[in-house]
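Chemist: Quick one, upload_32.pdb (PDB, C-alpha atoms):
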```pdb
ATOM      1  CA  MET G   1     -94.535  79.919-203.366
ATOM      2  CA  GLU G   2     -98.045  81.278-203.885
ATOM      3  CA  ASN G   3     -99.323  83.498-201.060
ATOM      4  CA  ALA G   4     -96.020  82.986-199.282
ATOM      5  CA  PRO G   5     -95.469  84.630-195.903
ATOM      6  CA  LEU G   6     -93.310  87.731-195.713
ATOM      7  CA  ILE G   7     -90.698  87.253-193.003
ATOM      8  CA  PHE G   8     -88.870  90.234-191.530
ATOM      9  CA  SER G   9     -86.130  90.308-188.937
ATOM     10  CA  GLY G  10     -85.462  92.644-186.084
ATOM     11  CA  THR G  11     -81.900  93.217-184.942
ATOM     12  CA  SER G  12     -81.969  90.909-181.895
ATOM     13  CA  ASN G  13     -81.249  87.703-183.816
ATOM     14  CA  PRO G  14     -80.898  88.166-187.601
ATOM     15  CA  GLU G  15     -78.963  84.904-188.010
ATOM     16  CA  LEU G  16     -81.935  82.872-186.787
ATOM     17  CA  THR G  17     -84.297  84.677-189.172
ATOM     18  CA  GLN G  18     -81.980  83.905-192.081
ATOM     19  CA  LYS G  19     -81.977  80.207-191.135
ATOM     20  CA  ILE G  20     -85.786  80.228-191.028
ATOM     21  CA  CYS G  21     -85.946  81.762-194.494
ATOM     22  CA  ASN G  22     -83.361  79.323-195.855
ATOM     23  CA  TYR G  23     -85.392  76.380-194.539
ATOM     24  CA  LEU G  24     -88.528  77.712-196.243
ATOM     25  CA  HIS G  25     -86.646  78.691-199.419
ATOM     26  CA  LEU G  26     -87.890  82.247-199.054
ATOM     27  CA  LYS G  27     -86.109  85.560-199.365
ATOM     28  CA  GLU G  28     -85.974  87.590-196.190
ATOM     29  CA  GLY G  29     -88.191  90.675-196.257
ATOM     30  CA  LYS G  30     -86.516  94.045-196.787
ATOM     31  CA  ILE G  31     -86.687  96.417-193.856
ATOM     32  CA  ASP G  32     -84.643  99.381-192.695
ATOM     33  CA  ILE G  33     -84.075  99.760-188.953
ATOM     34  CA  ARG G  34     -82.076 102.740-187.759
ATOM     35  CA  ARG G  35     -81.328 104.572-184.547
ATOM     36  CA  PHE G  36     -81.021 108.294-184.118
ATOM     37  CA  SER G  37     -77.985 109.591-182.258
ATOM     38  CA  ASP G  38     -79.979 109.590-179.006
ATOM     39  CA  GLY G  39     -80.978 105.931-179.502
ATOM     40  CA  GLU G  40     -84.528 106.477-180.770
ATOM     41  CA  ILE G  41     -85.587 103.657-183.121
ATOM     42  CA  TRP G  42     -86.835 104.271-186.679
ATOM     43  CA  VAL G  43     -88.360 101.532-188.870
ATOM     44  CA  LYS G  44     -89.391 101.434-192.525
ATOM     45  CA  PHE G  45     -90.540  98.471-194.609
ATOM     46  CA  LEU G  46     -88.752  98.637-197.958
ATOM     47  CA  GLN G  47     -91.330  96.638-199.903
ATOM     48  CA  ASN G  48     -95.075  96.652-200.350
ATOM     49  CA  ILE G  49     -96.793  94.610-197.623
ATOM     50  CA  ARG G  50    -100.386  95.766-198.226
ATOM     51  CA  GLY G  51    -102.748  92.821-197.807
ATOM     52  CA  GLN G  52     -99.873  90.447-196.992
ATOM     53  CA  ASP G  53     -99.294  87.908-194.213
ATOM     54  CA  VAL G  54     -96.347  89.387-192.299
ATOM     55  CA  TYR G  55     -94.155  87.604-189.742
ATOM     56  CA  ILE G  56     -91.773  89.619-187.565
ATOM     57  CA  VAL G  57     -89.014  87.574-185.924
ATOM     58  CA  GLN G  58     -87.611  89.248-182.834
ATOM     59  CA  SER G  59     -86.479  87.858-179.495
ATOM     60  CA  THR G  60     -87.032  90.265-176.620
ATOM     61  CA  GLN G  61     -84.062  89.533-174.390
ATOM     62  CA  PRO G  62     -82.470  92.565-172.673
ATOM     63  CA  PRO G  63     -81.830  95.354-173.391
ATOM     64  CA  ALA G  64     -85.377  96.714-173.521
ATOM     65  CA  GLU G  65     -84.666  98.197-176.963
ATOM     66  CA  ASN G  66     -85.366  94.748-178.444
ATOM     67  CA  LEU G  67     -88.930  94.881-177.127
ATOM     68  CA  MET G  68     -89.373  98.492-178.228
ATOM     69  CA  GLU G  69     -88.074  97.636-181.675
ATOM     70  CA  LEU G  70     -90.620  94.813-181.954
ATOM     71  CA  LEU G  71     -93.488  97.130-181.033
ATOM     72  CA  ILE G  72     -92.407  99.719-183.598
ATOM     73  CA  MET G  73     -92.093  97.065-186.311
ATOM     74  CA  ILE G  74     -95.602  95.788-185.553
ATOM     75  CA  ASP G  75     -97.006  99.322-185.626
ATOM     76  CA  ALA G  76     -95.258 100.095-188.914
ATOM     77  CA  ALA G  77     -96.625  96.893-190.472
ATOM     78  CA  LYS G  78    -100.201  97.671-189.415
ATOM     79  CA  ARG G  79     -99.924 101.223-190.728
ATOM     80  CA  ALA G  80     -98.639  99.786-194.019
ATOM     81  CA  SER G  81    -101.931  97.839-194.290
ATOM     82  CA  ALA G  82    -100.573  94.330-193.738
ATOM     83  CA  LYS G  83    -103.406  91.807-193.742
ATOM     84  CA  ARG G  84    -102.110  89.947-190.692
ATOM     85  CA  VAL G  85     -99.107  90.593-188.459
ATOM     86  CA  THR G  86     -97.639  87.734-186.447
ATOM     87  CA  ALA G  87     -94.995  88.397-183.810
ATOM     88  CA  VAL G  88     -92.564  85.476-183.757
ATOM     89  CA  LEU G  89     -90.715  85.624-180.435
ATOM     90  CA  PRO G  90     -88.156  82.815-180.169
ATOM     91  CA  TYR G  91     -87.557  84.117-176.645
ATOM     92  CA  PHE G  92     -90.313  85.973-174.765
ATOM     93  CA  GLY G  93     -88.581  88.392-172.410
ATOM     94  CA  TYR G  94     -89.992  89.614-169.080
ATOM     95  CA  ALA G  95     -91.805  86.291-168.647
ATOM     96  CA  ARG G  96     -90.343  85.663-165.184
ATOM     97  CA  GLN G  97     -92.508  88.424-163.686
ATOM     98  CA  ASP G  98     -95.762  86.573-164.311
ATOM     99  CA  ARG G  99     -97.556  87.101-160.992
ATOM    100  CA  LYS G 100     -97.689  89.422-158.005
ATOM    101  CA  ASP G 101     -95.646  87.374-155.567
ATOM    102  CA  GLN G 102     -94.976  90.284-153.201
ATOM    103  CA  PRO G 103     -96.509  93.708-152.532
ATOM    104  CA  ARG G 104     -96.027  96.655-154.902
ATOM    105  CA  VAL G 105     -94.513  94.825-157.870
ATOM    106  CA  SER G 106     -95.486  94.742-161.537
ATOM    107  CA  ILE G 107     -96.877  91.761-163.420
ATOM    108  CA  THR G 108     -94.545  92.614-166.277
ATOM    109  CA  ALA G 109     -95.412  89.606-168.443
ATOM    110  CA  LYS G 110     -99.010  90.880-168.599
ATOM    111  CA  LEU G 111     -97.782  94.402-169.390
ATOM    112  CA  VAL G 112     -95.709  93.092-172.306
ATOM    113  CA  ALA G 113     -98.691  91.076-173.552
ATOM    114  CA  ASN G 114    -100.788  94.244-173.540
ATOM    115  CA  LEU G 115     -98.101  96.206-175.375
ATOM    116  CA  ILE G 116     -97.774  93.613-178.144
ATOM    117  CA  THR G 117    -101.541  93.421-178.565
ATOM    118  CA  VAL G 118    -102.084  97.198-178.575
ATOM    119  CA  ALA G 119     -99.221  97.659-181.051
ATOM    120  CA  GLY G 120    -101.332  95.653-183.492
ATOM    121  CA  ALA G 121    -100.132  92.043-183.495
ATOM    122  CA  ASP G 122    -102.797  89.608-184.717
ATOM    123  CA  ARG G 123    -101.005  86.485-183.513
ATOM    124  CA  VAL G 124     -98.009  85.466-181.406
ATOM    125  CA  ILE G 125     -95.708  82.482-181.853
ATOM    126  CA  THR G 126     -93.160  81.784-179.134
ATOM    127  CA  MET G 127     -91.161  78.929-177.638
ATOM    128  CA  ASP G 128     -90.817  77.555-174.099
ATOM    129  CA  LEU G 129     -92.391  80.287-171.999
ATOM    130  CA  HIS G 130     -91.067  80.573-168.459
ATOM    131  CA  ALA G 131     -94.656  80.135-167.272
ATOM    132  CA  ALA G 132     -97.236  78.539-169.571
ATOM    133  CA  GLN G 133    -100.096  80.564-168.072
ATOM    134  CA  ILE G 134     -98.743  83.671-169.826
ATOM    135  CA  GLN G 135    -100.703  82.453-172.858
ATOM    136  CA  GLY G 136    -103.805  83.549-170.978
ATOM    137  CA  PHE G 137    -102.539  87.126-170.799
ATOM    138  CA  PHE G 138    -103.228  87.507-174.528
ATOM    139  CA  ASP G 139    -106.613  88.062-176.161
ATOM    140  CA  ILE G 140    -105.229  87.145-179.599
ATOM    141  CA  PRO G 141    -104.283  83.688-180.943
ATOM    142  CA  PHE G 142    -101.135  82.381-179.283
ATOM    143  CA  ASP G 143     -99.000  79.397-180.328
ATOM    144  CA  HIS G 144     -96.650  78.017-177.683
ATOM    145  CA  LEU G 145     -93.927  75.769-179.113
ATOM    146  CA  TYR G 146     -91.672  73.448-177.149
ATOM    147  CA  ALA G 147     -87.989  72.866-177.852
ATOM    148  CA  SER G 148     -87.981  69.292-176.523
ATOM    149  CA  PRO G 149     -87.978  67.723-180.041
ATOM    150  CA  ILE G 150     -84.751  69.626-180.728
ATOM    151  CA  PHE G 151     -82.976  67.914-177.826
ATOM    152  CA  THR G 152     -84.583  64.534-177.175
ATOM    153  CA  HIS G 153     -83.091  62.772-180.210
ATOM    154  CA  LEU G 154     -79.621  63.512-178.774
ATOM    155  CA  PHE G 155     -80.344  61.283-175.775
ATOM    156  CA  LYS G 156     -82.990  58.748-176.768
ATOM    157  CA  ASN G 157     -81.420  55.269-176.837
ATOM    158  CA  GLN G 158     -78.013  56.948-176.712
ATOM    159  CA  ILE G 159     -77.236  57.025-172.984
ATOM    160  CA  ASP G 160     -77.763  54.205-170.478
ATOM    161  CA  ASP G 161     -79.213  54.686-166.989
ATOM    162  CA  LEU G 162     -80.524  58.144-167.841
ATOM    163  CA  VAL G 163     -82.446  60.242-165.324
ATOM    164  CA  VAL G 164     -84.134  63.560-166.153
ATOM    165  CA  VAL G 165     -83.819  66.266-163.511
ATOM    166  CA  SER G 166     -85.991  69.314-162.918
ATOM    167  CA  PRO G 167     -83.937  72.065-161.220
ATOM    168  CA  ASP G 168     -87.028  73.244-159.322
ATOM    169  CA  VAL G 169     -90.607  72.267-158.576
ATOM    170  CA  GLY G 170     -91.939  74.644-161.248
ATOM    171  CA  GLY G 171     -90.191  72.693-163.997
ATOM    172  CA  ILE G 172     -91.677  69.286-163.141
ATOM    173  CA  LYS G 173     -94.092  69.220-166.092
ATOM    174  CA  LEU G 174     -91.318  69.981-168.569
ATOM    175  CA  ALA G 175     -89.009  67.389-166.984
ATOM    176  CA  ARG G 176     -91.781  64.785-166.961
ATOM    177  CA  SER G 177     -92.287  65.371-170.678
ATOM    178  CA  TYR G 178     -88.615  64.691-171.349
ATOM    179  CA  ALA G 179     -88.665  61.654-169.065
ATOM    180  CA  ASN G 180     -91.657  60.182-170.901
ATOM    181  CA  ARG G 181     -90.082  60.759-174.304
ATOM    182  CA  LEU G 182     -86.772  59.263-173.196
ATOM    183  CA  ASN G 183     -88.185  56.421-171.069
ATOM    184  CA  ALA G 184     -86.096  57.771-168.207
ATOM    185  CA  GLY G 185     -86.557  58.317-164.495
ATOM    186  CA  LEU G 186     -87.497  61.668-162.970
ATOM    187  CA  VAL G 187     -85.742  63.576-160.173
ATOM    188  CA  VAL G 188     -86.659  66.971-158.705
ATOM    189  CA  ILE G 189     -84.380  69.408-156.886
ATOM    190  CA  ASP G 190     -85.940  71.193-153.931
ATOM    191  CA  LYS G 191     -84.357  74.629-153.735
ATOM    192  CA  ARG G 192     -84.775  77.910-151.911
ATOM    193  CA  ARG G 193     -84.107  81.318-153.447
ATOM    194  CA  PRO G 194     -83.352  83.839-150.617
ATOM    195  CA  LYS G 195     -83.048  86.698-153.153
ATOM    196  CA  HIS G 196     -82.888  87.302-156.915
ATOM    197  CA  ASN G 197     -80.208  85.258-158.724
ATOM    198  CA  VAL G 198     -79.155  83.531-155.475
ATOM    199  CA  VAL G 199     -80.020  79.859-155.009
ATOM    200  CA  GLU G 200     -79.559  77.419-152.153
ATOM    201  CA  VAL G 201     -80.054  73.764-153.070
ATOM    202  CA  MET G 202     -81.956  71.986-150.318
ATOM    203  CA  HIS G 203     -82.155  68.303-151.282
ATOM    204  CA  LEU G 204     -82.938  65.891-154.109
ATOM    205  CA  ILE G 205     -86.278  64.137-154.506
ATOM    206  CA  GLY G 206     -85.169  60.926-156.174
ATOM    207  CA  ASP G 207     -81.988  58.914-156.657
ATOM    208  CA  VAL G 208     -79.143  59.809-159.044
ATOM    209  CA  LYS G 209     -76.357  57.653-157.625
ATOM    210  CA  GLY G 210     -74.586  55.855-160.472
ATOM    211  CA  LYS G 211     -76.937  57.445-163.026
ATOM    212  CA  ASN G 212     -76.343  59.642-166.049
ATOM    213  CA  VAL G 213     -78.301  62.859-165.649
ATOM    214  CA  LEU G 214     -80.053  65.300-167.986
ATOM    215  CA  ILE G 215     -81.062  68.645-166.443
ATOM    216  CA  VAL G 216     -83.825  70.377-168.409
ATOM    217  CA  ASP G 217     -85.039  73.960-168.043
ATOM    218  CA  ASP G 218     -86.531  76.765-170.104
ATOM    219  CA  LEU G 219     -83.736  79.285-169.529
ATOM    220  CA  ILE G 220     -80.363  79.848-167.924
ATOM    221  CA  ASP G 221     -79.466  83.367-166.820
ATOM    222  CA  THR G 222     -76.662  83.832-164.294
ATOM    223  CA  GLY G 223     -76.125  80.088-164.122
ATOM    224  CA  GLY G 224     -76.583  80.030-160.351
ATOM    225  CA  THR G 225     -79.509  77.613-160.291
ATOM    226  CA  PHE G 226     -78.058  75.401-162.990
ATOM    227  CA  VAL G 227     -74.517  75.121-161.605
ATOM    228  CA  SER G 228     -75.818  74.580-158.055
ATOM    229  CA  ALA G 229     -77.913  71.731-159.434
ATOM    230  CA  VAL G 230     -74.912  70.234-161.230
ATOM    231  CA  LYS G 231     -72.813  70.318-158.057
ATOM    232  CA  ALA G 232     -75.595  68.826-155.941
ATOM    233  CA  LEU G 233     -76.104  66.004-158.423
ATOM    234  CA  LYS G 234     -72.372  65.264-158.527
ATOM    235  CA  ASP G 235     -72.196  65.268-154.735
ATOM    236  CA  ASN G 236     -75.018  62.718-154.696
ATOM    237  CA  GLY G 237     -73.182  60.279-156.959
ATOM    238  CA  ALA G 238     -74.301  61.186-160.483
ATOM    239  CA  ASN G 239     -72.025  60.052-163.308
ATOM    240  CA  ASN G 240     -72.163  62.140-166.496
ATOM    241  CA  ILE G 241     -74.246  65.309-166.292
ATOM    242  CA  TYR G 242     -75.826  66.993-169.309
ATOM    243  CA  GLY G 243     -78.107  69.984-169.720
ATOM    244  CA  ALA G 244     -80.816  70.900-172.240
ATOM    245  CA  VAL G 245     -81.915  74.512-171.827
ATOM    246  CA  THR G 246     -83.894  76.426-174.435
ATOM    247  CA  HIS G 247     -82.894  80.046-173.844
ATOM    248  CA  ALA G 248     -79.240  80.857-173.102
ATOM    249  CA  LEU G 249     -79.281  84.347-171.565
ATOM    250  CA  LEU G 250     -75.950  83.630-169.853
ATOM    251  CA  SER G 251     -75.527  86.990-168.144
ATOM    252  CA  GLY G 252     -72.698  88.018-165.821
ATOM    253  CA  GLU G 253     -70.236  85.206-165.072
ATOM    254  CA  ALA G 254     -72.568  82.435-166.242
ATOM    255  CA  ILE G 255     -70.237  81.006-168.896
ATOM    256  CA  ALA G 256     -67.286  80.980-166.499
ATOM    257  CA  LYS G 257     -69.418  79.140-163.925
ATOM    258  CA  ILE G 258     -70.372  76.518-166.510
ATOM    259  CA  GLU G 259     -66.785  76.082-167.653
ATOM    260  CA  SER G 260     -65.575  75.431-164.097
ATOM    261  CA  SER G 261     -68.454  73.089-163.174
ATOM    262  CA  PRO G 262     -68.424  69.270-163.467
ATOM    263  CA  LEU G 263     -70.970  69.497-166.304
ATOM    264  CA  ASN G 264     -70.207  67.374-169.376
ATOM    265  CA  LYS G 265     -72.227  69.290-171.975
ATOM    266  CA  LEU G 266     -74.942  71.940-172.121
ATOM    267  CA  TYR G 267     -77.210  72.026-175.172
ATOM    268  CA  VAL G 268     -79.048  75.281-175.923
ATOM    269  CA  THR G 269     -81.009  76.702-178.842
ATOM    270  CA  ASP G 270     -80.213  79.784-180.891
ATOM    271  CA  SER G 271     -83.316  81.649-179.678
ATOM    272  CA  ILE G 272     -80.773  84.101-178.241
ATOM    273  CA  PRO G 273     -77.347  84.609-179.864
ATOM    274  CA  LEU G 274     -74.597  82.996-177.783
ATOM    275  CA  LYS G 275     -72.402  85.735-176.311
ATOM    276  CA  ARG G 276     -69.186  83.770-176.713
ATOM    277  CA  GLU G 277     -68.137  80.229-177.514
ATOM    278  CA  CYS G 278     -67.621  77.676-174.781
ATOM    279  CA  ASP G 279     -66.399  74.087-175.160
ATOM    280  CA  LYS G 280     -69.117  72.845-172.807
ATOM    281  CA  ILE G 281     -71.959  74.605-174.665
ATOM    282  CA  GLU G 282     -73.387  73.349-177.961
ATOM    283  CA  VAL G 283     -76.022  75.322-179.883
ATOM    284  CA  ARG G 284     -78.853  73.524-181.698
ATOM    285  CA  THR G 285     -80.951  75.598-184.054
ATOM    286  CA  ALA G 286     -84.661  76.202-183.485
ATOM    287  CA  SER G 287     -85.083  77.509-187.021
ATOM    288  CA  GLU G 288     -86.840  74.422-188.418
ATOM    289  CA  LEU G 289     -89.364  74.336-185.577
ATOM    290  CA  LEU G 290     -90.149  78.038-185.956
ATOM    291  CA  ALA G 291     -90.228  77.799-189.751
ATOM    292  CA  GLU G 292     -92.760  74.957-189.626
ATOM    293  CA  ALA G 293     -94.945  76.999-187.278
ATOM    294  CA  ILE G 294     -94.769  79.993-189.610
ATOM    295  CA  ILE G 295     -95.624  78.101-192.793
ATOM    296  CA  ARG G 296     -98.462  76.153-191.171
ATOM    297  CA  SER G 297     -99.888  79.348-189.721
ATOM    298  CA  ASN G 298     -99.659  80.972-193.140
ATOM    299  CA  ARG G 299    -101.572  78.070-194.685
ATOM    300  CA  ASN G 300    -104.106  78.008-191.832
ATOM    301  CA  GLU G 301    -103.042  74.462-190.968
ATOM    302  CA  SER G 302    -102.862  72.907-187.528
ATOM    303  CA  ILE G 303     -99.565  73.268-185.711
ATOM    304  CA  SER G 304    -100.623  71.296-182.632
ATOM    305  CA  SER G 305     -98.073  68.570-183.354
ATOM    306  CA  LEU G 306     -95.324  71.162-182.918
ATOM    307  CA  PHE G 307     -96.306  72.313-179.439
ATOM    308  CA  GLU G 308     -97.621  69.196-177.732
ATOM    309  CA  ILE G 309     -95.483  68.953-174.622
ATOM    310  CA  ASP G 310     -96.848  65.646-173.382
ATOM    311  CA  LYS G 311     -99.042  63.540-175.636
ATOM    312  CA  ASP G 312     -99.780  61.153-172.795
ATOM    313  CA  LYS G 313    -101.451  63.786-170.637
TER     314      LYS G 313
END
```
Re-express the file's structure as structure tokens.
Modeler:
Amino acid sequence: MENAPLIFSGTSNPELTQKICNYLHLKEGKIDIRRFSDGEIWVKFLQNIRGQDVYIVQSTQPPAENLMELLIMIDAAKRASAKRVTAVLPYFGYARQDRKDQPRVSITAKLVANLITVAGADRVITMDLHAAQIQGFFDIPFDHLYASPIFTHLFKNQIDDLVVVSPDVGGIKLARSYANRLNAGLVVIDKRRPKHNVVEVMHLIGDVKGKNVLIVDDLIDTGGTFVSAVKALKDNGANNIYGAVTHALLSGEAIAKIESSPLNKLYVTDSIPLKRECDKIEVRTASELLAEAIIRSNRNESISSLFEIDKDK
């Protein structure tokens, strides 16, 4: 492929990078990433990238070393005279701290945006941000993809009496997008969060009695919000309950909570490697979506069709 992009992988999700390269029929770029005995990260590109279009694929889920590794890779690429460096972040970590919602706290999403920009990235491609306004934290081109096309074909015309549920008010736009694509109803869960990772479900806005339900969200961490939603929906008469969540952080006892819940199936992407297998969790790859964004960016083509969340709005 003439003027093909050079795609390099960090250590956070090498399997996803390999799938992207396989889809594009490209060889993965050669890079050496090491750690000194004290944990300090060392990066070296093992091929000439001068004047090339470089794409660095690295999710920035915890630990923080994944973010630091990304910054060092970007810096190394710029110092090796790459023509353009694009940070491809299947999962954008630290996105939940996107505003100052109480005194004396950091707007960490803005800090991370500054770090990526100062490190030398010329463009960012990511998927299903926790808060869409984070795009405005960057002063470089930013492409925000949505995982909904990965999931919607699993449910469209496949399940009768389907209702799409947003687990909180902040996810209404995402849920409405799914509902429009699936010609389904929309229900919202009103919840209260007394402290971090603790959720109290208040009540449902909408009817789920006798309905099949699809809960959609951008991420699942401890599973508290998600499992509380599942239980509330079941208590209100829902039949089969499914989930479509883009980023499966699944920290702590999240998988155990899902296994013991009345959930039928949870679909997630491989933006973050699944920590362990679970019969109720099925992984769908985001590699084709990310690969299409990379190749269209490389060719300076429009990628708007890949990140339109709601064509009717």
Chemist: Near Gln61 (chain G), within 9 Å and counting only C-alpha atoms, which residues show up once chain neighbours fewer than 6 positions away are dropped, as an mmCIF file with C-alpha atoms, in the frame of the given file?
Modeler:
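Done, and the output landed in part13.cif:
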```cif
data_model
loop_
_atom_site.group_PDB
_atom_site.id
_atom_site.type_symbol
_atom_site.label_atom_id
_atom_site.label_comp_id
_atom_site.auth_asym_id
_atom_site.auth_seq_id
_atom_site.Cartn_x
_atom_site.Cartn_y
_atom_site.Cartn_z
ATOM 1 C CA SER G 12 -81.969 90.909 -181.895
ATOM 2 C CA LEU G 67 -88.930 94.881 -177.127
ATOM 3 C CA TYR G 91 -87.557 84.117 -176.645
ATOM 4 C CA PHE G 92 -90.313 85.973 -174.765
ATOM 5 C CA GLY G 93 -88.581 88.392 -172.410
ATOM 6 C CA TYR G 94 -89.992 89.614 -169.080
ATOM 7 C CA LEU G 249 -79.281 84.347 -171.565
ATOM 8 C CA ILE G 272 -80.773 84.101 -178.241
#
```
Chemist: Would you give me, as JSON lines, each residue of region 51-133 of chain G having an atom within 12 Å of an atom of region 296-307 of chain G, along with its shortest atom pair and that distance in Å to one decimal, using all atoms listed in the file and sorting by chain and residue number?
Modeler:
```
{"residue": "G:Gln52", "atom": "CA", "partner": "G:Asn298", "partner_atom": "CA", "distance": 10.2}
{"residue": "G:Asp53", "atom": "CA", "partner": "G:Asn298", "partner_atom": "CA", "distance": 7.0}
{"residue": "G:Val54", "atom": "CA", "partner": "G:Asn298", "partner_atom": "CA", "distance": 9.1}
{"residue": "G:Tyr55", "atom": "CA", "partner": "G:Asn298", "partner_atom": "CA", "distance": 9.3}
{"residue": "G:Lys83", "atom": "CA", "partner": "G:Asn298", "partner_atom": "CA", "distance": 11.5}
{"residue": "G:Arg84", "atom": "CA", "partner": "G:Asn298", "partner_atom": "CA", "distance": 9.6}
{"residue": "G:Val85", "atom": "CA", "partner": "G:Asn298", "partner_atom": "CA", "distance": 10.7}
{"residue": "G:Thr86", "atom": "CA", "partner": "G:Ser297", "partner_atom": "CA", "distance": 9.3}
{"residue": "G:Ala87", "atom": "CA", "partner": "G:Ser297", "partner_atom": "CA", "distance": 11.9}
{"residue": "G:Val88", "atom": "CA", "partner": "G:Ser297", "partner_atom": "CA", "distance": 11.3}
{"residue": "G:Asp122", "atom": "CA", "partner": "G:Ser297", "partner_atom": "CA", "distance": 11.8}
{"residue": "G:Arg123", "atom": "CA", "partner": "G:Ser297", "partner_atom": "CA", "distance": 9.5}
{"residue": "G:Val124", "atom": "CA", "partner": "G:Ser297", "partner_atom": "CA", "distance": 10.5}
{"residue": "G:Ile125", "atom": "CA", "partner": "G:Ser297", "partner_atom": "CA", "distance": 9.4}
{"residue": "G:Thr126", "atom": "CA", "partner": "G:Phe307", "partner_atom": "CA", "distance": 10.0}
{"residue": "G:Met127", "atom": "CA", "partner": "G:Phe307", "partner_atom": "CA", "distance": 8.6}
{"residue": "G:Asp128", "atom": "CA", "partner": "G:Phe307", "partner_atom": "CA", "distance": 9.3}
{"residue": "G:Leu129", "atom": "CA", "partner": "G:Phe307", "partner_atom": "CA", "distance": 11.6}
{"residue": "G:Ala132", "atom": "CA", "partner": "G:Phe307", "partner_atom": "CA", "distance": 11.7}
```
Chemist: Which residue out of G:Ser251, G:Gln158, G:Ser166, G:Ser287 has the minimum interatomic distance to Ala229 (chain G) when all atoms listed in the file are used?
Modeler: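 For Ala229 (chain G), the nearest of the candidates is G:Ser166.
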Chemist: Mind checking which residues fall within 10 Å of Cys21 (chain G), counting all atoms listed in the file, ignoring those fewer than 2 positions away in the same chain, and posting them as an MDAnalysis selection string?
Modeler: chainID G and resid 6:8 16:19 23:29 287:288 291
Chemist: Assuming the chain letters and numbering stay as they are in my file, what does the PyMOL selection byres ((chain G and resi 258) around 9) actually select? List them as a list of chain:residue names.
Modeler: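 Given this file, the PyMOL selection byres ((chain G and resi 258) around 9) evaluates to G:Gly223, G:Phe226, G:Val227, G:Glu253, G:Ala254, G:Ile255, G:Ala256, G:Lys257, G:Glu259, G:Ser260, G:Ser261, G:Pro262, G:Leu263, G:Leu266, G:Cys278, G:Lys280, G:Ile281.
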Chemist: Determine the residue membership of the PyMOL selection byres ((chain G and resi 72) around 12) for the file above and supply it as number ranges by chain.
Modeler: G: 10, 32-34, 40-45, 56, 58, 65-71, 73-79, 87, 115-116, 118-121
Chemist: Determine, counting all atoms listed in the file, which protein, DNA and RNA residues have an atom within 10 Å of an atom of Gln47 (chain G); residues of the same chain fewer than 6 positions away are not included. Present the result as a VMD selection string.
Modeler: chain G and resid 29 to 31 80
Chemist: From the list G:Leu233, G:Leu46, G:Ile150, G:Asp217, which residue is nearest Gly170 (chain G) when using all atoms listed in the file?
Modeler: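 Of G:Leu233, G:Leu46, G:Ile150, G:Asp217, the one nearest Gly170 (chain G) is G:Asp217, counting all atoms listed in the file.
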Chemist: So what do you get for CA of Tyr146 (chain G) versus CA of Ile159 (chain G), distance-wise?
Modeler: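 Atom-to-atom, CA of Tyr146 (chain G) and CA of Ile159 (chain G) are spaced 22.3 Å apart.
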Chemist: Neighbouring residues of Ala147 (chain G) were defined as those with any atom within 9 Å, considering all atoms listed in the file; residues of the same chain fewer than 4 positions away were excluded. Please report them as a count of residues only.
Modeler: 10
Chemist: Just how far from CA of Gly237 (chain G) is CA of Gly252 (chain G), in Å to one decimal?
Modeler: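 Between CA of Gly252 (chain G) and CA of Gly237 (chain G) the gap works out to 29.1 Å.
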Chemist: Mind completing region 119-128 of chain G with N, CA and C atoms? Output as a PDB file, in the frame of the given file, please?
Modeler:
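Dumped everything to rebuild-v2.pdb:
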```pdb
ATOM      1  N   ALA G 119    -100.038  97.254-179.900  1.00  0.00           N
ATOM      2  CA  ALA G 119     -99.221  97.659-181.051  1.00  0.00           C
ATOM      3  C   ALA G 119     -99.830  97.177-182.352  1.00  0.00           C
ATOM      4  N   GLY G 120    -100.625  96.094-182.294  1.00  0.00           N
ATOM      5  CA  GLY G 120    -101.332  95.653-183.492  1.00  0.00           C
ATOM      6  C   GLY G 120    -101.078  94.226-183.922  1.00  0.00           C
ATOM      7  N   ALA G 121    -100.374  93.431-183.118  1.00  0.00           N
ATOM      8  CA  ALA G 121    -100.132  92.043-183.495  1.00  0.00           C
ATOM      9  C   ALA G 121    -101.455  91.282-183.554  1.00  0.00           C
ATOM     10  N   ASP G 122    -101.608  90.440-184.572  1.00  0.00           N
ATOM     11  CA  ASP G 122    -102.797  89.608-184.717  1.00  0.00           C
ATOM     12  C   ASP G 122    -102.590  88.211-184.155  1.00  0.00           C
ATOM     13  N   ARG G 123    -101.326  87.828-183.995  1.00  0.00           N
ATOM     14  CA  ARG G 123    -101.005  86.485-183.513  1.00  0.00           C
ATOM     15  C   ARG G 123     -99.602  86.495-182.924  1.00  0.00           C
ATOM     16  N   VAL G 124     -99.344  85.603-181.992  1.00  0.00           N
ATOM     17  CA  VAL G 124     -98.009  85.466-181.406  1.00  0.00           C
ATOM     18  C   VAL G 124     -97.576  84.007-181.482  1.00  0.00           C
ATOM     19  N   ILE G 125     -96.331  83.807-181.891  1.00  0.00           N
ATOM     20  CA  ILE G 125     -95.708  82.482-181.853  1.00  0.00           C
ATOM     21  C   ILE G 125     -94.463  82.601-180.992  1.00  0.00           C
ATOM     22  N   THR G 126     -94.349  81.754-179.977  1.00  0.00           N
ATOM     23  CA  THR G 126     -93.160  81.784-179.134  1.00  0.00           C
ATOM     24  C   THR G 126     -92.788  80.370-178.722  1.00  0.00           C
ATOM     25  N   MET G 127     -91.713  80.252-177.958  1.00  0.00           N
ATOM     26  CA  MET G 127     -91.161  78.929-177.638  1.00  0.00           C
ATOM     27  C   MET G 127     -90.749  78.873-176.167  1.00  0.00           C
ATOM     28  N   ASP G 128     -91.191  77.826-175.488  1.00  0.00           N
ATOM     29  CA  ASP G 128     -90.817  77.555-174.099  1.00  0.00           C
ATOM     30  C   ASP G 128     -90.910  78.789-173.200  1.00  0.00           C
TER      31      ASP G 128
END
```
